[in-house]
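Structure first, then comments.
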Protein chains: 8
Amino acid sequence: MYIVIVGAGDIGTPLIEVATSGGNEVVVVEHDEERAERAAHYDCLVINDDATVKETLVDAGADRADALISTTDRDAVNIMVCLLSQELEVPNVVSVVHNPEHMSLFERVGVNTMQNPQRLIAEYLYRAVERPSIVDYMQVGEEAEVFEIDVDAGAPMAGTTISEAAQAGLLDDDLFIVAIERPDAESPVVPRGSTTIRAGDRLTVYAAAGVTDGVTSAFDTGDE
Amino acid sequence: MYIVIVGAGDIGTPLIEVATSGGNEVVVVEHDEERAERAAHYDCLVINDDATVKETLVDAGADRADALISTTDRDAVNIMVCLLSQELEVPNVVSVVHNPEHMSLFERVGVNTMQNPQRLIAEYLYRAVERPSIVDYMQVGEEAEVFEIDVDAGAPMAGTTISEAAQAGLLDDDLFIVAIERPDAESPVVPRGSTTIRAGDRLTVYAAAGVTDGVTSAFDTGDE
Amino acid sequence: MYIVIVGAGDIGTPLIEVATSGGNEVVVVEHDEERAERAAHYDCLVINDDATVKETLVDAGADRADALISTTDRDAVNIMVCLLSQELEVPNVVSVVHNPEHMSLFERVGVNTMQNPQRLIAEYLYRAVERPSIVDYMQVGEEAEVFEIDVDAGAPMAGTTISEAAQAGLLDDDLFIVAIERPDAESPVVPRGSTTIRAGDRLTVYAAAGVTDGVTSAFDTGDE
Amino acid sequence: MYIVIVGAGDIGTPLIEVATSGGNEVVVVEHDEERAERAAHYDCLVINDDATVKETLVDAGADRADALISTTDRDAVNIMVCLLSQELEVPNVVSVVHNPEHMSLFERVGVNTMQNPQRLIAEYLYRAVERPSIVDYMQVGEEAEVFEIDVDAGAPMAGTTISEAAQAGLLDDDLFIVAIERPDAESPVVPRGSTTIRAGDRLTVYAAAGVTDGVTSAFDTGDE
Amino acid sequence: MYIVIVGAGDIGTPLIEVATSGGNEVVVVEHDEERAERAAHYDCLVINDDATVKETLVDAGADRADALISTTDRDAVNIMVCLLSQELEVPNVVSVVHNPEHMSLFERVGVNTMQNPQRLIAEYLYRAVERPSIVDYMQVGEEAEVFEIDVDAGAPMAGTTISEAAQAGLLDDDLFIVAIERPDAESPVVPRGSTTIRAGDRLTVYAAAGVTDGVTSAFDTGDE
Amino acid sequence: MYIVIVGAGDIGTPLIEVATSGGNEVVVVEHDEERAERAAHYDCLVINDDATVKETLVDAGADRADALISTTDRDAVNIMVCLLSQELEVPNVVSVVHNPEHMSLFERVGVNTMQNPQRLIAEYLYRAVERPSIVDYMQVGEEAEVFEIDVDAGAPMAGTTISEAAQAGLLDDDLFIVAIERPDAESPVVPRGSTTIRAGDRLTVYAAAGVTDGVTSAFDTGDE
Amino acid sequence: MYIVIVGAGDIGTPLIEVATSGGNEVVVVEHDEERAERAAHYDCLVINDDATVKETLVDAGADRADALISTTDRDAVNIMVCLLSQELEVPNVVSVVHNPEHMSLFERVGVNTMQNPQRLIAEYLYRAVERPSIVDYMQVGEEAEVFEIDVDAGAPMAGTTISEAAQAGLLDDDLFIVAIERPDAESPVVPRGSTTIRAGDRLTVYAAAGVTDGVTSAFDTGDE
Amino acid sequence: MYIVIVGAGDIGTPLIEVATSGGNEVVVVEHDEERAERAAHYDCLVINDDATVKETLVDAGADRADALISTTDRDAVNIMVCLLSQELEVPNVVSVVHNPEHMSLFERVGVNTMQNPQRLIAEYLYRAVERPSIVDYMQVGEEAEVFEIDVDAGAPMAGTTISEAAQAGLLDDDLFIVAIERPDAESPVVPRGSTTIRAGDRLTVYAAAGVTDGVTSAFDTGDE
């Protein structure tokens, strides 16, 4: 793909790294001289100019790009860049949006967005201190979640099969074990009723009602 | 919980919002005056001082805190804060780490970390242009992924049952549909073999070998 | 009218003066502190905040304003302000546009604009040295112009009636005298064929083919 | 013409563009290094020095220039430049004046001026929200104005001839239609009594008593 | 006198001191805030504003002042201030001029000036190393000078009367001793032919052809 | 002479000009880079370094210089430079001193000084408004002064001989006319009793008791 | 004592702490506002002004002080402060000197000095990596040193008496053990010939020829 | 040795000088560009980069260095550098520590430190005014000190032998003269009972109870 990335700041920089290492043709537009210089260390073309000026985007080849991603930390800059990209008929335009109240505005003019990325990070960090046993998780709809959790040595479920755990009420109907990672297995194991959960397993679990205290208590000992 | 948050920048600010709205007692330490003032709009105590000075953390009550999260954008500051927190015996210390090469250092001194949060964002953005049909996803181990995908009107799988899809080779063994969100359903549906996949459904899918072109082609039409 | 003016810079400041002295209720939004303070000397409410944040415009009462004029020197800021104003349903939104290439973008999203105001000034200044006898002028369509010109003492037309001038070929068909200002008359005179043009008159002339050397030579002596 | 332009700021820059594209020999004097560099993109000679030093103007060839235009945003700089230009016997010296109270001073020392250009812009913008139907206008003397106005579909005058409009009292004696622009006509039409005004016409009108509510009501419907 | 002093810099500050200690009513206009504050330590009114704006000078009471002295280090500012002072009919206007080439311009608009004051200082310093025996001096016309010189113990003239010195050719026709200061005399002595010049005397001498090596050699020993 | 000049600021710059145009070998030491560059336009060697470091002065050849003049605007820098110059045995060291209270300190360590040069200027300017008829003057001892004054057309002394003026009491014993400059004479005239003073003459006068109102009233009309 | 400390920087600040906690009356002079504020946290009077101005030192009471210590990082400032202090007859004046070449200058004008304090630190740090077994040391004359060294468990001297060590050639004539600190002794032990040196002792040793490899090898094992 | 020095500031700079002149291979890491340039004047390799990034230290060759000394003025930077150095297995790591409360933290992670170097300097300076006769000193344990002192001409001990002084009670048991420097001796003299102490001698003395008024009074006259 031919990708134009606007902004080489906190978010833009790792994006450049990801996009260039994925074998894409990448052009970066960054107004700040110092940042532009740093971006030039990646395998991409860097244009040190103001992306809110149409000519700059034309110079960046936006009119023949497959996608443009606007990552600056100012919503006004991002919207201007996206509107200009639409004029240049970029097929796929994505933007970061910082102020949640501006989401509808971006949607109204037809831009795909990623809301408040820092909030995403914040929620991960908060989860790390609120439920330290949860390794990673993904929201599904309003309530449900898929999460990864490590089974402690003394946890109620350690040493039982899934069927036993269900019978013992450790796994209620809302919980469903999707996959099991084991230190000694190359790839995740598909669980069956007869599969024994061992201490040290990392489980991928689907929780229809989300992660609650009751949910985690089956897997960890509560000592942290 | 009594939580000390160090840094009220791009990551710290939404974290303060999340932590305070979760009903916790939050103390923020921020060196920059302007940021400190902005942080004071949340329901928390803000200390406008240098967190790499032990006395500052004592002032923040770190010695009786349940957790401390260090979110500054300098790894040197984060490690110093974490070491001081250990001296003050904070039970749960988490830090952002920006430079991936510094991960082992944080682990050696015993700090829980979250690696390079901006890279996480970058990967989400990149995925949004690489596979626009994927709504959200979570890595499981090295290769496997759980992902959400919307079923297009003209997609091969639209209108078939899961069993039919499996028989038709649309769903190979590596793919497993975990849940189905429907615009008209209140909560996600648990799929069975007889469940018919409809256009407009948002599926949560487990892919043992990760998301590849073959995986998404069953759900979308490929026109983007 | 209730008017919101965004930007209290070179253009915004005299606009505030004009708008307040016209008896309107004026609210000014200016991000720069120093400028905001200066604006506060006028009879208006000044909000020292970032107008590209929706909440700021709500604070400025944009949702009940009759009009909003965006005068900042960055097109990206102006477009963002205008889009937010539309969301707030301001009935009349006008913006300065600096880069001519951005005109179509503003029009596409439905904003009234005033293109590159400094260029207007520049053209006036240039005209002042190119045709020093022209006092003021207004473009009509592509070619035609209405202009004001002073009649020199020795000019061909000084002392002739309009009919005589037409007969003498001094006023061809493309020229049409709309009004005559005289030092001793209170208001402009409506010219007739028998009206004598005197040295010292300031004529308002309609020139179907625009102002050319031939046009001005009838009114001035060419010595400057 | 050989034109010296002092100042390459908001007003100077478009003036350079206008003057160079008019085929003149242009020399620019600008003290600020960054602005001087930008000015060098036009087809002109740029001198990056202080124009209030006589030697700089001599370097700029002011002693053989046809005209000098001083456009800086400080009246003190402009007056100094103009006085030095007089010493160098530049035949045509024009200056922007920012503070209206300084007009008489410039006149006393014999400099042609353009008063407060930003105020001009401000008045245009204000007019755009006060009388949105007025497209452009030009002041004639104290009260009279020439203006352009679009005829709305439902306006009283749409579909009538000029004679009928006059008889119906829609056009009183103070109003006089100078020219009519039509979307399908190449150049403006000279109106006669029998000319029918159509919706969509853009009229150039002379109003002896200036533009009032009564004046515009004949041409637009009042719905905005 | 009511004196307005513009500028409280290197020259303005000691001027404020001299003028206030002379019992005058002094108003100082200084744009720089810090300098304005320092000026306020003297017995004067300080206006911290831009003196190139007419209103500022009116606020300073320039319209009823006896004199205005402009001391800023920019000639453009000084000329503007002087022109405005003329408009306000200040009877006595004096200005420092830094660029010698601007002297004629100031004179043309009718301002009394003091040319390049720093050059004056420079010449004094240079004289101090070029002719260390000269204590002070004053230029008279093109060539002549009045100067003060100390008589060294071994100088040719020490111990002779003025008549003897003239006869001995030590004092040629171009030299004329105006006054003699003696350590033990209260006021300078008026010299006569019979007056003996003593080592230690400080002579005030008029030299029609200026100070040359020949002139000083009579008074000092040449050892320095 | 080989002269080292320290400081290329307000005083140093014209000093460099005077010293280089006098045919001396001049080395300039200036710490500020911009000033150093400007100084390099003169025919001298410029060292862009800190003169309070001994090595810098050695680099400037101070150890073989005939004289060193320190002109910076900080007394502390000047004293340090002078002390180092003494160590390097510069025969003639002169310094500007800004704070009058520091004079004794410079004298104690054996440095020739020029006190507060700006005050000198200030006194000249003040004299220009206090006694506008005085053109130039030089203090002699505590009270006496030599001054230049222009004879007004209507002045009491215009048209009288010196003897007549003395008899008429216009010239008392304390006043003594040293020389007369006339517009039409090439060099100043030596006055005698029979010399007639004419309007337009510029007199050099010695006033034993200094310049008072009585002294100037003989030469000017008092209208200014 | 009444002590004036000039400079509240890296060296001045701990000096203020030492001097105030020693019960002295301390006045601090610091030009930088921020530093002055920080200094005010100690029990001292802080004067936020320029110490190179005599009046400032008078305000600080230097004329009745017992001692003045100048600690700024500019030698020119320190020398000026010291000279002014001498004028004010401070009995004891000490200054830091940064440039070793300036030592003689300070001595010439009669100021006690402490040369290049940062170099002292640097030498300590260097010694710490060059001879890690040396704990502290003090230079005596050109060559001799007194140093502290820890006796390693396996060192040749561990377990021998001083007499035995001398006989075995471990302690040659140039070495002399002054005192022995022992973990279990309250104060250092005075060594005699019969005293046994134990591993873990910290010895104070006088080395007439300074510390060499041979000297340390008796006390440590050489493994570091 | 191969030594890496982090920081080229107040302490780092003289350390670079000491280390390079000792013939070591030195690499300097300094983030500030200006400081890095200055460091490059020494015989060392300078890396102008952030030492808290592991890669920088690898570039500096830390993985094969014999020692690393961290001298920056921020404890957080120093600890990060030291931790990274441990990862790179530098055998000898020393750091400056500024905040005394952070000493234990550095020790816990296993870094050799030098506490608050500026305080060391401060104590020397304070001693210089508190006991001006003490030339240098070294702390031994809690109380004891080795110090150098000059013997005044009129001091009680001048002219006595050490035995006599002991008998006369001038030297009590806690005092012990270690060495005597004499102006005319090449190296310090080893004292015996019969050695006569002369005025002008500089004694190295061991004081078991530290330096008190009683201790110094034997050597100086108390007049300062």
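Residues are named by chain letter and number: chains run A, B, ... in the order of the structure tokens, numbers start at 1 in each chain, and ligands are numbered from 1 in the order shown.
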
| So which residues touch range 54-63 of chain B within 9 Å, counting only C-alpha atoms, skipping near sequence neighbours fewer than 3 positions away, as a PyMOL selection string? | (chain B and resi 2-4+27-29+45-47+49-51+66-68+81+84-85+87-90) or (chain H and resi 99+101-102)

Could you please take those selected residues and save C-alpha atoms as a short mmCIF file (atom, residue, chain, number, x, y, z; two decimals), in the first residue's frame?
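As written to disk, out35.cif reads:
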```cif
data_model
loop_
_atom_site.label_atom_id
_atom_site.label_comp_id
_atom_site.auth_asym_id
_atom_site.auth_seq_id
_atom_site.Cartn_x
_atom_site.Cartn_y
_atom_site.Cartn_z
CA TYR B 2 -5.64 4.70 47.21
CA ILE B 3 -3.82 5.26 43.89
CA VAL B 4 -0.86 7.55 43.20
CA VAL B 27 -3.25 11.60 44.28
CA VAL B 28 -1.49 13.00 41.21
CA VAL B 29 2.15 14.07 41.09
CA LEU B 45 -5.30 15.82 45.12
CA VAL B 46 -2.56 17.24 42.87
CA ILE B 47 1.03 17.73 44.01
CA ASP B 49 6.46 18.70 42.35
CA ASP B 50 9.21 16.43 41.13
CA ALA B 51 8.29 12.80 41.66
CA ASP B 66 -2.46 0.53 47.33
CA ALA B 67 -0.96 1.20 43.95
CA LEU B 68 1.26 3.63 42.04
CA VAL B 81 9.75 6.70 40.67
CA LEU B 84 11.41 4.99 45.30
CA SER B 85 7.94 3.40 45.45
CA GLU B 87 11.42 1.77 49.14
CA LEU B 88 8.09 3.09 50.35
CA GLU B 89 6.65 -0.43 50.02
CA VAL B 90 3.81 0.35 47.64
CA ASN H 99 19.66 14.17 47.25
CA GLU H 101 17.67 10.69 50.88
CA HIS H 102 18.39 8.81 47.67
#
```

| field | Exercise: Glu181 in chain E partners within 7 Å, only C-alpha atoms, chain neighbours under 6 positions left out, as number ranges by chain | value | E: 187-189, 201-203; F: 141

Please produce an output containing all heavy atoms for each residue in the selection, written as a PDB file, in the first residue's frame.
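Generated output (again-v6.pdb):
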```pdb
ATOM      1  N   SER E 187      39.600  78.932  42.306  1.00  0.00           N
ATOM      2  CA  SER E 187      39.020  78.978  40.959  1.00  0.00           C
ATOM      3  C   SER E 187      40.136  79.218  39.955  1.00  0.00           C
ATOM      4  O   SER E 187      41.247  79.607  40.316  1.00  0.00           O
ATOM      5  CB  SER E 187      37.970  80.085  40.881  1.00  0.00           C
ATOM      6  OG  SER E 187      38.561  81.313  41.232  1.00  0.00           O
ATOM      7  N   PRO E 188      39.865  78.962  38.693  1.00  0.00           N
ATOM      8  CA  PRO E 188      40.931  79.081  37.697  1.00  0.00           C
ATOM      9  C   PRO E 188      41.520  80.500  37.663  1.00  0.00           C
ATOM     10  O   PRO E 188      40.811  81.493  37.857  1.00  0.00           O
ATOM     11  CB  PRO E 188      40.230  78.748  36.381  1.00  0.00           C
ATOM     12  CG  PRO E 188      39.033  77.953  36.767  1.00  0.00           C
ATOM     13  CD  PRO E 188      38.612  78.496  38.092  1.00  0.00           C
ATOM     14  N   VAL E 189      42.804  80.568  37.396  1.00  0.00           N
ATOM     15  CA  VAL E 189      43.540  81.840  37.333  1.00  0.00           C
ATOM     16  C   VAL E 189      43.490  82.369  35.898  1.00  0.00           C
ATOM     17  O   VAL E 189      43.583  81.587  34.949  1.00  0.00           O
ATOM     18  CB  VAL E 189      45.019  81.600  37.726  1.00  0.00           C
ATOM     19  CG1 VAL E 189      45.843  82.853  37.492  1.00  0.00           C
ATOM     20  CG2 VAL E 189      45.092  81.107  39.156  1.00  0.00           C
ATOM     21  N   ASP E 201      50.028  72.366  37.074  1.00  0.00           N
ATOM     22  CA  ASP E 201      48.929  73.201  36.586  1.00  0.00           C
ATOM     23  C   ASP E 201      48.123  72.421  35.557  1.00  0.00           C
ATOM     24  O   ASP E 201      48.659  71.614  34.797  1.00  0.00           O
ATOM     25  CB  ASP E 201      49.471  74.466  35.884  1.00  0.00           C
ATOM     26  CG  ASP E 201      49.949  75.514  36.884  1.00  0.00           C
ATOM     27  OD1 ASP E 201      49.772  75.302  38.111  1.00  0.00           O
ATOM     28  OD2 ASP E 201      50.500  76.537  36.428  1.00  0.00           O
ATOM     29  N   ARG E 202      46.823  72.703  35.540  1.00  0.00           N
ATOM     30  CA  ARG E 202      45.973  72.172  34.462  1.00  0.00           C
ATOM     31  C   ARG E 202      45.548  73.382  33.616  1.00  0.00           C
ATOM     32  O   ARG E 202      44.839  74.258  34.096  1.00  0.00           O
ATOM     33  CB  ARG E 202      44.752  71.458  35.033  1.00  0.00           C
ATOM     34  CG  ARG E 202      43.740  71.068  33.982  1.00  0.00           C
ATOM     35  CD  ARG E 202      42.694  70.116  34.523  1.00  0.00           C
ATOM     36  NE  ARG E 202      43.250  68.812  34.795  1.00  0.00           N
ATOM     37  CZ  ARG E 202      42.526  67.756  35.243  1.00  0.00           C
ATOM     38  NH1 ARG E 202      41.236  67.886  35.458  1.00  0.00           N
ATOM     39  NH2 ARG E 202      43.114  66.606  35.476  1.00  0.00           N
ATOM     40  N   LEU E 203      46.021  73.395  32.368  1.00  0.00           N
ATOM     41  CA  LEU E 203      45.778  74.560  31.515  1.00  0.00           C
ATOM     42  C   LEU E 203      44.580  74.338  30.601  1.00  0.00           C
ATOM     43  O   LEU E 203      44.393  73.237  30.076  1.00  0.00           O
ATOM     44  CB  LEU E 203      47.000  74.812  30.627  1.00  0.00           C
ATOM     45  CG  LEU E 203      48.360  74.921  31.322  1.00  0.00           C
ATOM     46  CD1 LEU E 203      49.448  75.237  30.295  1.00  0.00           C
ATOM     47  CD2 LEU E 203      48.327  75.990  32.402  1.00  0.00           C
TER      48      LEU E 203
ATOM     49  N   GLY F 141      37.269  72.984  35.694  1.00  0.00           N
ATOM     50  CA  GLY F 141      37.250  72.997  37.155  1.00  0.00           C
ATOM     51  C   GLY F 141      35.830  72.866  37.666  1.00  0.00           C
ATOM     52  O   GLY F 141      34.976  72.244  37.023  1.00  0.00           O
TER      53      GLY F 141
END
```

| query | Could you name the residues that touch Gly154 in chain A at 9 Å or less, counting only C-alpha atoms, but leaving out those on the same chain fewer than 3 positions away, as an MDAnalysis selection string? | reply | chainID A and resid 151 157:158 199 219:221

| said: From a backbone DSSP assignment, name each residue in chain H labelled strand (DSSP E or B), as a PyMOL selection string. | reply: chain H and resi 2-6+25-29+45-47+67-70+92-97+112-115+134-140+144-150+161+175-181+189+196+202-207

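Closest to Asn92 in chain C among D:Ser133, D:Asn24, D:Thr52, D:Ser194 is D:Ser133, based on only C-alpha atoms.
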
| Distance-based interface of chain H with chain B, 6 Å, counting only C-alpha atoms, as an NGL selection string | :H and (76-77 or 80)

I need the residues from that last selection saved to file as a compact mmCIF listing (two decimals), in the first residue's frame (with N, CA and C atoms), if you can.
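The result, written out as result-v5.txt:
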```txt
# COMPACT_ATOMS: atom_id res chain seq x y z
N ALA H 76 17.62 10.90 38.94
CA ALA H 76 16.87 9.95 38.13
C ALA H 76 17.69 9.53 36.91
N VAL H 77 18.37 10.47 36.32
CA VAL H 77 19.21 10.14 35.17
C VAL H 77 20.37 9.25 35.61
N MET H 80 19.24 5.62 36.28
CA MET H 80 18.91 4.91 35.03
C MET H 80 20.21 4.51 34.33
```

| message | Restricting the calculation to only C-alpha atoms: of G:Val205, G:Met103, G:Ile69, G:Ala39, which residue gets closest to Glu130 in chain H? | response | G:Ile69

| query | With distances taken over only C-alpha atoms, which of E:Gly210, E:Ser217, E:Thr20, E:Asp10 is nearest to Gln118 in chain E? | reply | E:Asp10

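Here CA of Arg131 in chain A is placed at a distance of 25.1 Å from CA of Val135 in chain B.
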
| Near-Ala208 in chain C list (9 Å; only C-alpha atoms; drop same-chain fewer than 3 positions) as number ranges by chain | C: 140, 143-146, 173-176, 211; D: 179, 187-188, 190

| Residues flagged alpha helix (DSSP H) by DSSP in range 42-219 of chain F, as an NGL selection string | :F and (54-59 or 75-87 or 103-108 or 117-130 or 162-167 or 213-217)

| task | Tell me, as a ChimeraX atom specification, which residues lie within 10 Å of Thr13 in chain E, counting only C-alpha atoms; anything in the same chain fewer than 4 positions away does not count. | result | /E:5,7-9,17-19,28,35,38-39,42,71 /F:118-119,122

For the selection just defined, write its residues with C-alpha atoms to a file, as a short mmCIF file (atom, residue, chain, number, x, y, z; two decimals), in the first residue's frame.
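Writing the result to again17.cif gives the following:
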```cif
data_model
loop_
_atom_site.label_atom_id
_atom_site.label_comp_id
_atom_site.auth_asym_id
_atom_site.auth_seq_id
_atom_site.Cartn_x
_atom_site.Cartn_y
_atom_site.Cartn_z
CA ILE E 5 11.45 62.11 27.97
CA GLY E 7 12.92 56.16 26.26
CA ALA E 8 14.38 55.08 29.60
CA GLY E 9 17.38 53.16 28.28
CA GLU E 17 18.11 61.67 36.77
CA VAL E 18 19.54 64.99 35.53
CA ALA E 19 16.15 66.42 34.63
CA VAL E 28 8.75 59.46 30.95
CA ARG E 35 12.63 49.67 32.07
CA ARG E 38 13.08 51.08 36.93
CA ALA E 39 12.31 54.61 35.74
CA TYR E 42 12.86 58.67 40.05
CA THR E 71 16.28 59.10 23.34
CA GLN F 118 25.66 57.90 29.16
CA ARG F 119 25.41 60.57 31.83
CA ALA F 122 22.29 63.05 29.20
#
```

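Our summary of the geometry notes that CA of Pro132 in chain C is positioned 23.9 Å from CA of Glu123 in chain D.
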
| message | Would you pick out the contacts of Asn48 in chain C at 7 Å or less, using only C-alpha atoms, so that residues sharing its chain but fewer than 4 positions from it are not included, and give the list as number ranges by chain? | response | C: 29-33, 36

| So what do you get for CA of Leu15 in chain C versus CA of Ile149 in chain C, distance-wise? | 28.4 Å
